[in-house]
$ cat final10.txt   # compact mmCIF, C-alpha atoms
# COMPACT_ATOMS: atom_id res chain seq x y z
CA MET A 1 95.52 104.88 63.05
CA PRO A 2 92.58 106.26 65.07
CA LEU A 3 89.07 105.70 63.82
CA PRO A 4 87.43 108.55 61.90
CA PRO A 5 85.19 110.88 63.93
CA ALA A 6 81.56 109.81 64.26
CA SER A 7 80.06 113.22 63.70
CA GLY A 8 80.44 112.98 59.97
CA THR A 9 83.38 114.74 58.40
CA GLY A 10 83.48 112.56 55.35
CA ARG A 11 83.55 114.02 51.87
CA TYR A 12 80.11 114.30 50.33
CA PHE A 13 79.15 113.81 46.73
CA ALA A 14 75.49 114.57 46.02
CA LYS A 15 75.07 112.14 43.14
CA ALA A 16 76.98 109.17 44.57
CA ALA A 17 74.90 106.32 46.00
CA LYS A 18 74.63 106.43 49.81
CA SER A 19 74.12 103.54 52.14
CA ILE A 20 72.94 103.41 55.75
CA ARG A 21 75.09 100.74 57.39
CA LEU A 22 76.58 99.48 60.64
CA ILE A 23 80.17 100.55 61.23
CA ARG A 24 82.10 98.64 63.85
CA HIS A 25 83.66 100.88 66.50
CA GLY A 26 84.37 98.45 69.31
CA CYS A 27 87.56 96.71 70.40
CA THR A 28 88.60 93.09 70.22
CA ASN A 29 85.83 90.87 71.65
CA ARG A 30 83.65 93.93 72.31
CA PRO A 31 81.61 94.89 69.25
CA PHE A 32 79.94 98.28 69.10
CA PHE A 33 78.35 99.78 66.02
CA HIS A 34 77.52 103.18 64.68
CA ILE A 35 74.62 103.44 62.27
CA SER A 36 76.02 105.82 59.69
CA VAL A 37 75.47 107.12 56.16
CA THR A 38 78.39 106.77 53.79
CA HIS A 39 78.90 106.37 50.13
CA ARG A 40 78.05 102.90 49.02
CA ARG A 41 81.49 102.15 47.63
CA ARG A 42 83.42 103.55 50.52
CA PRO A 43 85.19 101.32 53.09
CA ASN A 44 84.11 101.55 56.71
CA SER A 45 87.48 102.85 57.83
CA LEU A 46 86.92 106.25 56.22
CA PRO A 47 85.02 109.18 57.75
CA VAL A 48 81.25 108.95 57.35
CA ILE A 49 78.84 111.56 55.97
CA GLU A 50 76.66 111.46 59.05
CA GLN A 51 76.03 109.24 62.06
CA LEU A 52 72.38 108.27 62.49
CA GLY A 53 72.51 106.18 65.65
CA SER A 54 74.33 103.45 67.51
CA TYR A 55 73.84 99.76 68.27
CA ASP A 56 75.33 97.85 71.18
CA PRO A 57 74.94 94.12 70.41
CA MET A 58 76.17 92.97 73.84
CA PRO A 59 73.32 92.70 76.40
CA ASN A 60 73.80 95.02 79.34
CA MET A 61 73.13 94.14 83.00
CA ASP A 62 69.36 94.42 82.39
CA ASN A 63 69.68 92.02 79.43
CA GLU A 64 68.98 94.75 76.88
CA LYS A 65 70.68 95.44 73.57
CA LEU A 66 70.59 99.19 73.22
CA VAL A 67 69.84 100.90 69.92
CA ALA A 68 69.75 104.64 69.34
CA LEU A 69 68.20 105.99 66.14
CA ASN A 70 67.89 109.48 64.73
CA LEU A 71 64.64 108.77 62.89
CA GLU A 72 64.29 112.27 61.47
CA ARG A 73 67.62 112.07 59.69
CA ILE A 74 66.94 108.47 58.61
CA LYS A 75 63.75 109.73 56.97
CA TYR A 76 65.74 112.51 55.32
CA TRP A 77 68.30 110.12 53.88
CA LEU A 78 65.63 107.64 52.76
CA GLY A 79 63.96 110.54 50.97
CA HIS A 80 67.26 111.18 49.21
CA GLY A 81 67.37 107.57 48.08
CA ALA A 82 69.91 106.08 50.49
CA HIS A 83 70.20 102.29 50.46
CA VAL A 84 69.78 100.40 53.73
CA THR A 85 71.91 97.34 54.46
CA THR A 86 70.26 94.18 55.78
CA PRO A 87 71.42 94.38 59.42
CA VAL A 88 70.22 97.98 59.68
CA ALA A 89 66.95 97.07 57.96
CA GLU A 90 66.48 94.27 60.52
CA LEU A 91 67.09 96.71 63.39
CA LEU A 92 64.69 99.25 61.92
CA GLY A 93 62.12 96.49 61.43
CA LEU A 94 62.36 95.49 65.08
CA ALA A 95 62.11 99.18 66.01
CA GLY A 96 58.81 99.41 64.10
CA PHE A 97 60.09 101.90 61.56
CA PHE A 98 60.12 99.40 58.69
CA PRO A 99 58.15 96.17 58.22
CA ILE A 100 59.84 93.20 59.91
CA HIS A 101 62.68 91.99 57.72
CA PRO A 102 62.27 88.50 56.18
CA ARG A 103 65.63 87.47 57.61
CA SER A 104 64.34 88.17 61.15
CA TYR A 105 61.45 85.77 60.49
CA MET A 106 63.81 83.21 58.99
CA THR A 107 66.24 83.23 61.93
CA ALA A 108 63.32 83.06 64.32
CA TRP A 109 61.77 79.97 62.77
CA ARG A 110 65.13 78.28 62.29
CA ASN A 111 66.00 78.90 65.94
CA ARG A 112 62.64 77.51 66.98
CA ARG A 113 63.19 74.41 64.83
CA THR A 114 66.61 73.68 66.32
CA GLN A 115 65.16 74.15 69.80
CA ARG A 116 62.40 71.66 69.03
CA GLU A 117 64.90 69.16 67.65
CA ASN A 118 67.14 69.53 70.68
CA LEU A 119 64.18 68.95 72.98
CA ALA A 120 63.11 65.83 71.08
CA GLU A 121 66.64 64.47 71.21
CA ALA A 122 66.84 65.06 74.94
CA GLU A 123 63.53 63.24 75.45
CA LYS A 124 64.75 60.31 73.38
CA GLU A 125 67.91 60.04 75.42
CA ALA A 126 65.93 60.17 78.65
CA GLU A 127 63.67 57.32 77.42
CA SER A 128 66.62 55.15 76.34
CA LYS A 129 68.22 55.65 79.75
CA LYS A 130 64.99 54.52 81.50
CA GLU A 131 64.94 51.29 79.53
CA MET B 132 98.57 98.11 49.12
CA LEU B 133 98.43 101.89 49.42
CA PRO B 134 99.00 103.41 52.85
CA LYS B 135 95.76 104.45 54.55
CA LYS B 136 96.93 108.04 55.12
CA LEU B 137 97.19 108.53 51.39
CA LEU B 138 93.68 107.18 50.94
CA LEU B 139 92.30 109.62 53.52
CA LYS B 140 94.02 112.60 51.90
CA ARG B 141 92.93 111.83 48.35
CA SER B 142 90.72 114.34 46.55
CA CYS B 143 88.69 112.09 44.23
CA PRO B 144 86.05 109.47 45.13
CA LEU B 145 87.44 106.07 45.84
CA ILE B 146 87.10 103.51 43.06
CA MET B 147 89.41 100.73 44.19
CA GLN B 148 88.34 98.04 46.61
CA ILE B 149 90.00 97.53 50.00
CA ALA B 150 89.75 94.49 52.24
CA GLU B 151 88.72 95.89 55.60
CA PHE B 152 90.46 93.31 57.73
CA HIS B 153 93.96 91.96 57.59
CA ARG B 154 93.42 89.16 55.20
CA LYS B 155 95.31 87.58 52.39
CA PRO B 156 95.74 90.00 49.47
CA ARG B 157 93.32 89.59 46.59
CA TRP B 158 95.97 88.56 44.11
CA LEU B 159 97.16 85.48 46.03
CA PRO B 160 95.88 82.13 44.63
CA VAL B 161 93.73 79.62 46.49
CA ALA B 162 95.67 77.65 49.08
CA LYS B 163 96.95 74.25 47.96
CA SER B 164 94.92 72.39 50.56
CA LYS B 165 91.71 74.17 49.50
CA ILE B 166 91.91 73.80 45.73
CA TYR B 167 89.47 70.89 45.38
CA ARG B 168 87.23 71.86 48.27
CA ILE B 169 83.69 72.48 47.08
CA PRO B 170 81.65 74.32 49.68
CA LYS B 171 78.35 72.64 50.47
CA ARG B 172 75.26 74.48 49.29
CA PRO B 173 72.73 75.27 51.98
CA GLU B 174 69.76 72.91 51.91
CA ILE B 175 66.49 74.78 51.87
CA SER B 176 63.30 72.78 51.73
CA GLU B 177 60.71 73.63 49.10
CA GLU B 178 58.24 74.74 51.74
CA GLU B 179 60.74 77.13 53.32
CA ARG B 180 61.82 78.48 49.96
CA LEU B 181 58.24 79.32 49.00
CA GLU B 182 57.61 80.97 52.35
CA LEU B 183 60.80 83.02 52.05
CA LEU B 184 59.87 84.05 48.53
CA ARG B 185 56.45 85.16 49.70
CA ILE B 186 57.66 87.26 52.65
CA ASN B 187 60.53 88.72 50.63
CA ASN B 188 58.10 89.82 47.93
CA ASN B 189 55.84 91.35 50.54
CA TYR B 190 58.76 93.12 52.18
CA LYS B 191 60.03 94.53 48.90
CA THR B 192 56.59 95.88 48.01
CA GLN B 193 56.18 97.52 51.39
CA MET B 194 59.68 98.97 51.31
CA ARG B 195 59.06 100.44 47.87
CA ALA B 196 55.95 102.15 49.21
CA ILE B 197 57.85 103.51 52.22
CA ARG B 198 60.68 104.79 50.05
CA ARG B 199 58.28 106.49 47.69
CA PHE B 200 56.46 108.09 50.62
CA TYR B 201 59.63 109.62 52.06
CA HIS B 202 60.82 110.71 48.63
CA GLU B 203 57.54 112.50 47.99
CA GLU B 204 57.71 114.07 51.43
CA MET B 205 61.21 115.33 50.65
CA ILE B 206 59.98 116.91 47.41
CA LYS B 207 57.02 118.49 49.22
CA GLU B 208 59.30 119.95 51.87
CA LYS B 209 61.60 121.35 49.22
CA SER B 210 58.74 123.07 47.43
CA SER B 211 57.38 124.48 50.70
CA LEU B 212 60.82 125.85 51.53
CA GLU B 213 60.94 127.57 48.15
CA SER B 214 57.54 129.16 48.63
CA ALA B 215 58.54 130.37 52.10
CA SER B 216 60.53 133.24 50.62
CA SER B 217 57.37 135.03 49.36
CA GLU B 218 56.30 138.42 50.76
CA MET B 219 53.41 137.10 52.82
CA SER B 220 55.57 134.56 54.59
CA GLN B 221 58.26 137.16 55.20
CA LYS B 222 55.69 139.40 56.92
CA LEU B 223 54.50 136.49 59.00
CA GLU B 224 58.06 135.68 59.90
CA ALA B 225 58.72 139.27 60.99
CA GLU B 226 55.65 139.17 63.24
CA GLU B 227 56.77 135.89 64.72
CA TRP B 228 60.20 137.37 65.31
CA GLU B 229 58.69 140.38 67.10
CA ARG B 230 56.65 138.09 69.31
CA CYS B 231 59.68 135.98 70.11
CA VAL B 232 61.69 139.07 71.05
CA GLN B 233 58.95 140.22 73.38
CA ILE B 234 58.74 136.86 75.09
CA ASN B 235 62.51 136.79 75.38
CA GLU B 236 62.59 140.21 77.05
CA GLN B 237 59.88 139.17 79.47
CA TRP B 238 61.83 136.08 80.39
CA ASN B 239 65.01 138.09 80.74
CA LYS B 240 63.31 140.47 83.18
CA GLN B 241 61.96 137.61 85.23
CA VAL B 242 65.32 135.91 85.33
CA ALA B 243 67.04 139.18 86.28
CA ALA B 244 64.66 139.69 89.23
CA GLU B 245 65.26 136.14 90.39
CA ARG B 246 68.99 136.57 90.03
CA GLU B 247 68.96 139.80 92.06
CA GLU B 248 67.07 138.08 94.85
CA ARG B 249 69.40 135.14 94.82
CA ARG B 250 72.43 137.40 94.82
CA LYS B 251 71.16 139.26 97.87
CA ILE B 252 70.69 136.03 99.75
CA GLU B 253 74.11 134.81 98.69
CA LEU B 254 75.75 138.09 99.74
CA ALA B 255 74.12 137.95 103.17
CA ALA B 256 75.28 134.38 103.63
CA MET B 257 78.80 135.33 102.56
CA GLU B 258 78.90 138.25 105.00
CA GLU B 259 77.72 136.07 107.81
CA TYR B 260 80.32 133.48 106.98
CA ALA B 261 83.11 136.08 106.86
CA LEU B 262 82.03 137.61 110.19
CA LYS B 263 81.99 134.20 111.80
CA ARG B 264 85.46 133.48 110.55
CA MET B 265 86.76 136.84 111.75
CA GLU B 266 85.29 136.26 115.18
CA ALA B 267 86.84 132.84 115.38
CA LYS B 268 90.20 134.26 114.35
CA ASP B 269 89.96 136.98 117.02
CA LYS B 270 89.12 134.44 119.65
CA GLU B 271 92.06 132.26 118.70
CA LEU B 272 94.41 135.25 118.82
CA GLN B 273 93.15 136.22 122.29
CA GLU B 274 93.72 132.71 123.53
CA ARG B 275 97.24 132.66 122.15
CA ILE B 276 98.05 136.02 123.79
CA LEU B 277 96.68 134.77 127.10
CA LYS B 278 98.73 131.60 126.90
CA ALA B 279 101.88 133.58 126.06
CA SER B 280 101.38 136.05 128.91
CA GLU B 281 100.94 133.18 131.34
CA LYS B 282 104.14 131.61 130.11
CA ILE B 283 105.99 134.94 130.53
CA LYS B 284 104.72 135.30 134.07
CA ARG B 285 105.90 131.80 134.97
CA GLU B 286 109.34 132.43 133.47
CA LYS B 287 109.65 135.69 135.37
CA GLU B 288 108.90 133.92 138.64
CA LEU B 289 111.49 131.28 137.82
CA SER B 290 114.13 133.85 136.84
CA SER B 291 114.96 134.55 140.48
CA THR B 292 116.62 131.13 140.70
CA PHE B 293 118.70 131.47 137.48
CA ILE B 294 122.49 131.40 137.67
CA THR B 295 123.88 134.71 136.41
CA PRO B 296 127.49 135.93 136.06
CA ASP B 297 127.00 137.75 139.39
CA ASN B 298 126.22 134.70 141.47
CA LEU B 299 128.18 132.19 139.42
CA GLU B 300 130.96 131.85 142.01
CA ALA B 301 128.51 131.32 144.83
CA ALA B 302 126.64 128.66 142.82
CA ILE B 303 129.90 126.83 142.08
CA ASP B 304 130.87 126.95 145.72
CA HIS B 305 127.45 125.67 146.71
CA ALA B 306 127.65 122.81 144.24
CA LEU B 307 131.11 121.83 145.39
CA ALA B 308 130.06 121.98 149.01
CA ASN B 309 127.01 119.75 148.51
CA PRO B 310 127.85 116.90 146.10
CA VAL B 311 124.82 114.85 145.06
CA ASP B 312 125.13 111.19 144.23
CA TYR B 313 122.33 109.99 141.92
CA ASN B 314 123.35 106.33 142.05
CA PHE B 315 121.07 104.07 143.97
CA ALA B 316 120.35 100.43 144.58
CA ILE B 317 117.02 98.72 144.90
CA ASP B 318 116.21 95.44 146.66
CA LEU B 319 113.45 92.93 146.04
CA LYS B 320 111.03 94.66 148.39
CA GLY B 321 111.39 97.92 146.49
CA ASN B 322 113.46 99.78 149.07
CA ILE B 323 115.67 102.41 147.45
CA ILE B 324 119.15 102.85 148.90
CA SER B 325 120.66 106.05 147.46
CA GLY B 326 124.35 106.78 147.16
CA ARG B 327 127.23 104.71 145.95
CA ASP B 328 128.91 104.25 149.31
CA THR B 329 125.93 103.80 151.58
CA GLN B 330 126.14 100.71 153.72
CA ILE B 331 123.33 98.19 153.31
CA PRO B 332 121.75 97.37 156.66
CA LYS B 333 122.11 93.62 157.24
CA PRO B 334 118.93 91.66 157.84
CA GLU B 335 118.52 90.11 161.33
CA LYS B 336 119.59 86.50 161.54
CA THR B 337 116.57 85.10 163.36
CA GLN B 338 115.52 82.43 160.86
CA ALA B 339 118.90 81.67 159.36
CA THR B 340 120.08 79.82 162.52
CA VAL B 341 117.20 77.38 162.48
$ encode --input "final10.txt" --output "structure tokens"
Amino acid sequence: MPLPPASGTGRYFAKAAKSIRLIRHGCTNRPFFHISVTHRRRPNSLPVIEQLGSYDPMPNMDNEKLVALNLERIKYWLGHGAHVTTPVAELLGLAGFFPIHPRSYMTAWRNRRTQRENLAEAEKEAESKKE
Amino acid sequence: MLPKKLLLKRSCPLIMQIAEFHRKPRWLPVAKSKIYRIPKRPEISEEERLELLRINNNYKTQMRAIRRFYHEEMIKEKSSLESASSEMSQKLEAEEWERCVQINEQWNKQVAAEREERRKIELAAMEEYALKRMEAKDKELQERILKASEKIKREKELSSTFITPDNLEAAIDHALANPVDYNFAIDLKGNIISGRDTQIPKPEKTQATV
């Protein structure tokens, strides 16, 4: 079955809770995401209410991960009380639209810690080899 | 599981839950080998937990403020849209519309002038191109006629030697009287000896006797 169109043909219920979320549109081993508004209890395989942007998590030849955002519509949906999922909130935080998400900080410091540990281990090994 | 087509066609909001990927159905029990497996809880140090709590609280507060801001903005916009239908705003809108129409006409005129100019240039170029092509065609035709006339002239000159029913007998007689033998032999030095029955001149035996 083909994926639903990105332009937003999904059924719309004014009072149902909306969520702004990533919807995977890539192929096997090639993730690509649309940032879309849908009802909160709706599966990602169904048509969305509106697409608000896209996110390509694979770095391109300039080592960039491209994100496109329709900030005006995001503001509109936030005004109408749409929920924002964590990955989208992280992206918006990095874009400067929201404050930086706590999970971004957490991954950053955890990555730094593992890097430090790896470095220390490597140094230890080098010393033991010298002796 | 319901087929997905049916789900897409349905007319009421979806209440049931669907696993997005092709996984084991919800109603299947835990696998035998995984019954007594207890997943390990993540270990978070006290320091990290406190830090996470702090930044999460900050984030939630800020997000609440942002949400409220956009909600208030939405309400403000709605109210301004409602007030836009008053008489004063309608008059203003009409004026704006008039102004826009004027500007549009001005632009249209400008564009029309530009288009006319461009069309003239394009027409001239097209004419030139067509004339050039016609000239080239004429020239080619002339050349072909010249070539053909030359060929005709040559054939006419040659036609005096053709064999016709009138001089057929004479030609046959001539051919019978003068038989031509196209066979020939060639020796190592490249001398050509024509004819099948021609005698080969024998080389002088000056060196052979030595």
$ interface_residues --input "final10.txt" --of "chain B" --to "chain A" --cutoff "6 Å" --atoms "only C-alpha atoms" --output "list in words"
Ile186, Asn187, Tyr201, His202 and Met205 of chain B
$ atom_distance --input "final10.txt" --atom1 "atom CA of Pro87 of chain A" --atom2 "atom CA of Arg24 of chain A"
12.3 Å
$ atom_distance --input "final10.txt" --atom1 "atom CA of Asn189 of chain B" --atom2 "atom CA of Glu90 of chain A"
14.9 Å
$ atom_distance --input "final10.txt" --atom1 "atom CA of Leu183 of chain B" --atom2 "atom CA of Lys65 of chain A"
26.7 Å
